[in-house]
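Asker: Structure file upload12.csv (CSV, C-alpha atoms) right here:
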```
chain,number,residue,atom,x,y,z
A,16,MET,CA,53.2,0.2,-13.0
A,17,GLU,CA,56.6,-1.2,-14.0
A,18,ASN,CA,58.5,1.8,-12.6
A,19,VAL,CA,56.6,2.0,-9.3
A,20,PRO,CA,58.4,0.5,-6.3
A,21,ASP,CA,56.9,-2.5,-4.6
A,22,PHE,CA,56.0,-0.7,-1.4
A,23,ILE,CA,53.8,1.7,-3.4
A,24,VAL,CA,52.1,-1.2,-5.1
A,25,THR,CA,51.6,-2.8,-1.7
A,26,VAL,CA,50.1,0.4,-0.2
A,27,ASP,CA,47.8,0.7,-3.2
A,28,SER,CA,46.7,-2.9,-2.9
A,29,TYR,CA,46.0,-2.4,0.8
A,30,MET,CA,43.9,0.7,0.0
A,31,ALA,CA,42.0,-1.2,-2.7
A,32,VAL,CA,41.3,-4.0,-0.2
A,33,GLY,CA,40.2,-1.4,2.3
A,34,ALA,CA,37.8,0.0,-0.2
A,35,TYR,CA,36.3,-3.4,-0.8
A,36,LEU,CA,36.0,-4.0,2.9
A,37,CYS,CA,34.2,-0.7,3.3
A,38,VAL,CA,31.7,-1.6,0.6
A,39,ALA,CA,31.2,-5.0,2.3
A,40,PHE,CA,30.7,-3.3,5.6
A,41,ALA,CA,28.1,-0.9,4.1
A,42,VAL,CA,26.2,-3.9,2.6
A,43,LEU,CA,26.4,-5.9,5.9
A,44,VAL,CA,25.1,-2.9,7.9
A,45,LEU,CA,22.0,-2.6,5.7
A,46,LEU,CA,21.5,-6.4,5.7
A,47,TYR,CA,21.9,-6.6,9.4
A,48,HIS,CA,19.3,-3.8,9.8
A,49,GLU,CA,16.8,-5.5,7.6
A,50,TYR,CA,17.5,-8.9,9.3
A,51,ARG,CA,16.7,-7.3,12.7
A,52,ILE,CA,13.4,-6.0,11.3
A,53,PHE,CA,12.6,-9.4,9.8
A,54,ARG,CA,13.2,-11.1,13.1
A,55,ILE,CA,10.7,-8.8,14.9
A,56,LYS,CA,7.3,-10.3,14.5
A,57,ASP,CA,5.1,-7.6,16.1
A,58,TYR,CA,4.4,-4.7,13.7
A,59,LYS,CA,4.4,-2.1,16.5
A,60,GLU,CA,7.8,-3.3,17.6
A,61,LYS,CA,9.0,-3.2,14.0
A,62,TYR,CA,7.6,0.4,13.9
A,63,ASP,CA,9.5,1.4,17.0
A,64,TYR,CA,12.8,-0.2,15.8
A,65,VAL,CA,12.6,1.4,12.3
A,66,ASN,CA,11.7,4.8,13.9
A,67,LEU,CA,14.7,4.6,16.2
A,68,HIS,CA,17.4,3.0,14.0
A,69,GLU,CA,16.6,3.2,10.3
A,70,ILE,CA,18.3,6.6,9.5
A,71,ARG,CA,21.3,5.9,11.8
A,72,TYR,CA,22.1,2.5,10.1
A,73,PHE,CA,21.6,4.1,6.6
A,74,TRP,CA,24.0,6.9,7.5
A,75,PHE,CA,26.6,4.3,8.7
A,76,ALA,CA,26.4,2.6,5.3
A,77,VAL,CA,26.8,6.0,3.5
A,78,VAL,CA,29.9,6.9,5.5
A,79,ALA,CA,31.4,3.5,4.7
A,80,LEU,CA,30.8,4.0,1.0
A,81,ILE,CA,32.4,7.5,1.1
A,82,ALA,CA,35.4,5.9,2.8
A,83,ALA,CA,35.5,3.2,0.1
A,84,VAL,CA,35.5,5.7,-2.7
A,85,ALA,CA,38.2,7.8,-1.0
A,86,LEU,CA,40.4,4.7,-0.4
A,87,TYR,CA,40.0,3.4,-4.0
A,88,GLY,CA,40.5,6.9,-5.5
A,89,ASN,CA,43.7,7.4,-3.5
A,90,SER,CA,45.2,4.2,-4.9
A,91,LEU,CA,44.9,5.5,-8.5
A,92,ALA,CA,47.6,7.3,-10.5
A,93,SER,CA,50.4,5.8,-8.5
A,94,THR,CA,52.8,6.0,-11.5
A,95,MET,CA,52.2,9.8,-11.8
A,96,VAL,CA,52.6,10.2,-8.1
A,97,PHE,CA,55.9,8.4,-8.0
A,98,ALA,CA,57.3,10.2,-11.0
A,99,ASN,CA,56.9,13.6,-9.3
A,100,MET,CA,56.5,12.6,-5.6
A,101,GLU,CA,56.7,16.1,-4.1
A,102,THR,CA,53.9,17.5,-6.2
A,103,TRP,CA,51.5,14.7,-7.0
A,104,PHE,CA,51.6,13.1,-3.6
A,105,TRP,CA,50.2,16.2,-2.0
A,106,VAL,CA,47.8,16.8,-4.9
A,107,ARG,CA,46.3,13.4,-4.5
A,108,THR,CA,46.1,13.7,-0.8
A,109,PHE,CA,44.4,17.1,-1.0
A,110,ILE,CA,41.9,15.9,-3.6
A,111,THR,CA,41.1,12.8,-1.5
A,112,LEU,CA,40.6,14.8,1.7
A,113,SER,CA,38.6,17.4,-0.1
A,114,PHE,CA,36.3,14.7,-1.6
A,115,VAL,CA,35.8,13.1,1.9
A,116,VAL,CA,34.8,16.5,3.4
A,117,VAL,CA,32.6,17.6,0.6
A,118,ALA,CA,30.9,14.1,0.2
A,119,TYR,CA,30.4,13.9,4.0
A,120,PHE,CA,28.5,17.2,4.2
A,121,ILE,CA,26.6,16.6,0.9
A,122,PHE,CA,25.4,13.2,1.9
A,123,TYR,CA,24.7,14.2,5.5
A,124,SER,CA,22.3,16.8,4.2
A,125,LEU,CA,20.8,14.5,1.7
A,126,VAL,CA,20.2,11.8,4.3
A,127,ARG,CA,18.8,14.3,6.8
A,128,ILE,CA,16.6,16.0,4.2
A,129,TYR,CA,15.4,13.4,1.8
A,130,TYR,CA,15.6,10.0,3.6
A,131,PRO,CA,13.0,10.8,6.4
A,132,ARG,CA,10.4,10.9,3.6
A,133,PHE,CA,11.0,7.3,2.8
A,134,VAL,CA,11.2,6.4,6.5
A,135,GLU,CA,7.8,8.0,7.2
A,136,ARG,CA,6.3,6.0,4.3
A,137,ARG,CA,7.7,2.8,5.7
A,138,LEU,CA,6.4,3.7,9.2
A,139,ASP,CA,3.0,4.5,7.8
A,140,LYS,CA,2.8,1.0,6.2
A,141,LEU,CA,3.9,-0.7,9.4
A,142,ARG,CA,1.4,1.3,11.5
A,143,ASN,CA,-1.5,0.4,9.2
A,144,LYS,CA,-0.5,-3.2,8.4
A,145,PRO,CA,-3.3,-5.5,9.5
A,146,ARG,CA,-2.6,-7.2,12.8
A,147,LEU,CA,-3.3,-10.8,13.6
A,148,SER,CA,-4.9,-11.8,16.9
A,149,PRO,CA,-3.5,-14.8,19.0
A,150,ALA,CA,-6.4,-16.8,17.4
A,151,GLY,CA,-4.9,-16.0,13.9
A,152,ASN,CA,-7.8,-13.7,12.9
A,153,ILE,CA,-7.2,-10.5,11.0
A,154,MET,CA,-7.9,-7.6,13.3
A,155,ARG,CA,-9.6,-4.3,12.3
A,156,LYS,CA,-8.2,-0.9,13.2
A,157,LEU,CA,-10.9,1.1,14.9
A,158,THR,CA,-11.7,4.7,14.0
A,159,GLU,CA,-11.2,7.4,16.5
A,160,ALA,CA,-14.9,7.5,17.3
A,161,GLU,CA,-14.9,3.7,17.9
A,162,GLU,CA,-11.7,3.4,19.9
A,163,GLU,CA,-12.9,5.6,22.7
A,164,ALA,CA,-15.0,2.8,24.2
A,165,HIS,CA,-11.9,0.5,24.2
A,166,LEU,CA,-9.3,2.9,25.8
A,167,GLU,CA,-8.8,3.0,29.5
A,168,ALA,CA,-9.7,6.2,31.3
A,169,ALA,CA,-6.0,7.2,31.7
A,170,GLN,CA,-5.2,6.4,28.0
A,171,PHE,CA,-8.2,8.4,26.8
A,172,ALA,CA,-7.3,11.3,29.0
A,173,GLU,CA,-3.7,11.3,27.8
A,174,GLN,CA,-4.8,11.2,24.1
A,175,LYS,CA,-7.1,14.1,24.7
A,176,GLU,CA,-4.9,16.2,26.9
A,177,VAL,CA,-1.5,15.4,25.4
A,178,HIS,CA,-2.1,15.8,21.7
A,179,SER,CA,1.3,14.6,20.7
A,180,VAL,CA,0.2,11.1,21.9
A,181,ASP,CA,-2.0,8.9,19.8
A,182,TYR,CA,-3.4,5.5,20.4
A,183,ASP,CA,-4.4,2.9,17.8
A,184,VAL,CA,-6.9,0.2,18.8
A,185,TRP,CA,-7.0,-3.1,16.8
A,186,LEU,CA,-9.9,-5.4,17.4
A,187,ASP,CA,-10.5,-9.1,16.6
A,188,GLU,CA,-14.3,-9.0,16.0
A,189,LYS,CA,-14.6,-12.7,16.2
A,190,THR,CA,-13.0,-13.2,19.6
A,191,GLY,CA,-13.2,-9.7,21.1
A,192,TYR,CA,-9.4,-9.6,21.6
A,193,LYS,CA,-8.0,-6.1,21.3
A,194,LYS,CA,-4.6,-4.6,21.0
A,195,ILE,CA,-3.8,-1.0,21.9
A,196,GLU,CA,-0.7,0.7,20.5
A,197,LYS,CA,0.8,4.0,21.6
A,198,TYR,CA,2.5,6.4,19.2
A,199,ASN,CA,4.3,9.7,19.9
A,200,ALA,CA,4.0,12.5,17.4
A,201,TYR,CA,7.1,14.2,18.7
A,202,GLN,CA,9.2,11.5,17.1
A,203,HIS,CA,7.9,12.1,13.6
A,204,ALA,CA,8.7,14.8,11.0
A,205,ILE,CA,6.2,16.3,8.6
A,206,GLU,CA,6.8,18.3,5.4
A,207,CYS,CA,8.0,21.9,6.0
A,208,SER,CA,5.8,24.4,4.2
A,209,GLU,CA,8.9,26.7,3.7
A,210,CYS,CA,11.6,24.3,2.2
A,211,GLY,CA,9.4,21.4,1.3
A,212,TYR,CA,11.5,18.8,3.2
A,213,VAL,CA,10.2,16.3,5.7
A,214,THR,CA,12.2,17.9,8.5
A,215,MET,CA,9.7,19.7,10.7
A,216,LYS,CA,8.7,18.3,14.1
A,217,ILE,CA,6.7,19.4,17.1
A,218,ALA,CA,8.8,21.6,19.3
A,219,SER,CA,6.1,22.3,21.9
A,220,GLU,CA,2.4,22.6,22.4
A,221,GLU,CA,0.1,24.7,24.6
A,222,VAL,CA,-3.5,25.0,25.4
A,223,ALA,CA,-4.6,28.4,24.0
A,224,LYS,CA,-8.2,27.9,25.3
A,225,ALA,CA,-9.3,25.3,27.7
A,226,PRO,CA,-12.4,23.4,26.7
A,227,GLY,CA,-15.6,24.0,28.7
A,228,ASP,CA,-18.5,21.7,29.4
A,229,ALA,CA,-20.2,22.6,26.1
A,230,GLU,CA,-17.6,24.7,24.4
A,231,PRO,CA,-14.6,23.3,22.6
A,232,GLY,CA,-11.1,24.5,23.4
A,233,MET,CA,-8.0,25.2,21.3
A,234,LEU,CA,-4.6,23.6,21.3
A,235,VAL,CA,-1.6,25.2,19.5
A,236,LYS,CA,1.2,23.0,18.2
A,237,HIS,CA,4.5,24.8,17.6
A,238,TYR,CA,6.6,23.2,14.8
A,239,ARG,CA,10.2,23.8,13.9
A,240,CYS,CA,12.1,22.7,10.8
A,241,SER,CA,15.5,21.3,11.6
A,242,TYR,CA,16.8,22.1,8.1
A,243,CYS,CA,15.7,25.7,7.3
A,244,GLY,CA,14.8,26.8,10.9
A,245,HIS,CA,11.2,27.7,9.8
A,246,ARG,CA,8.7,27.8,12.6
A,247,GLU,CA,4.9,27.7,12.4
A,248,ALA,CA,2.0,27.0,14.7
A,249,LYS,CA,-1.0,24.9,13.9
A,250,SER,CA,-4.3,25.0,15.9
A,251,VAL,CA,-6.2,21.9,16.9
A,252,VAL,CA,-9.7,21.9,18.3
A,253,ILE,CA,-10.1,20.2,21.7
A,254,ALA,CA,-13.5,18.6,22.1
A,255,ALA,CA,-15.8,20.0,24.7
A,256,LEU,CA,-15.8,18.1,28.0
A,257,SER,CA,-19.3,16.9,27.6
A,258,GLU,CA,-18.2,15.1,24.4
A,259,ASN,CA,-15.6,13.1,26.4
A,260,ILE,CA,-18.2,11.5,28.6
A,261,ALA,CA,-19.0,8.0,27.5
```
Please render this file's structure as structure tokens.
Answerer:
Amino acid sequence: MENVPDFIVTVDSYMAVGAYLCVAFAVLVLLYHEYRIFRIKDYKEKYDYVNLHEIRYFWFAVVALIAAVALYGNSLASTMVFANMETWFWVRTFITLSFVVVAYFIFYSLVRIYYPRFVERRLDKLRNKPRLSPAGNIMRKLTEAEEEAHLEAAQFAEQKEVHSVDYDVWLDEKTGYKKIEKYNAYQHAIECSECGYVTMKIASEEVAKAPGDAEPGMLVKHYRCSYCGHREAKSVVIAALSENIA
């Protein structure tokens, strides 16, 4: 770069430093996110935090890496740019901006389509990770049939009537201590049968047939895929009212 003026060398060095700072920012964002998770001791609180923030922090890191590549790439070929300033300056600028736009939309789609699958796996592990009671004993997660006796009337009614709500009951069988955790199905995506991506969530639900004293009812859950727009409905049997009486 002997024939390149000092100010161009300076600008290039600043862009290179900016690229390194963007990489450092991306790493720090991910480390901060993991540190926040590590600091949370309760698995349900970990679950809620990951569910709300994981994809957002990951996307911040991806954007920072895109900016890093753009800055570093724009600092290259300075000799060629200076030799033919009018042509190559605009060529390099156009290529850089094109890369940023294309990379943004490509990675935005990848993060939205593929990353939720990994998040759901992490959430599933957190939800089923054995809990410890205040006495230090490993608690057991009760089955749906077992948990009914431990739910309050309002919780049991909510779980039966609002099917997008689910309760987990953990029990310390040595001391009798129990922990009840509430989960909302509306916040979670499932795999779309049309495009195969984990981008389909509950849009609404309706009772197609109310349950009777001895006859079960029918609930219809309406799903919509945020990627391909596919919609589908799934039916869920509602237990007869007599079965809900303890």
Asker: Using all atoms listed in the file, which protein or nucleic acid residues come within 8 Å of A:Tyr238? Drop anything in the same chain fewer than 3 positions from it, and give the result as a VMD selection string.
Answerer: chain A and resid 215 to 219 246 to 249
Asker: Could you list, as JSON, numbers by chain, every residue within 12 Å of A:Cys240, counting all atoms listed in the file and ignoring same-chain residues fewer than 2 positions away?
Answerer: {"A": [127, 128, 203, 204, 205, 206, 207, 208, 209, 210, 211, 212, 213, 214, 215, 216, 217, 218, 237, 238, 242, 243, 244, 245, 246, 247, 248]}
Asker: Compare A:Tyr62, A:Tyr87, A:Tyr72, A:Tyr129 by their minimum atom-to-atom distance to A:Tyr47, counting only C-alpha atoms, and give me the closest one.
Answerer: A:Tyr72
Asker: Leaving out A:Glu161 and any residue of its chain fewer than 3 positions from it, which residues lie within 12 Å of it when counting all atoms listed in the file, given as a count of residues only?
Answerer: 13
Asker: Tell me, in Å to one decimal, how far atom CA of A:Leu125 is from atom CA of A:Arg71.
Answerer: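 So the answer is 13.3 Å.
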Asker: In the coordinates of the file, take the point (0.8, 0.7, 15.2) and a cut-off of 6 Å; then, counting only C-alpha atoms, name each qualifying protein, DNA or RNA residue as an NGL selection string.
Answerer: :A and (59 or 142 or 196)
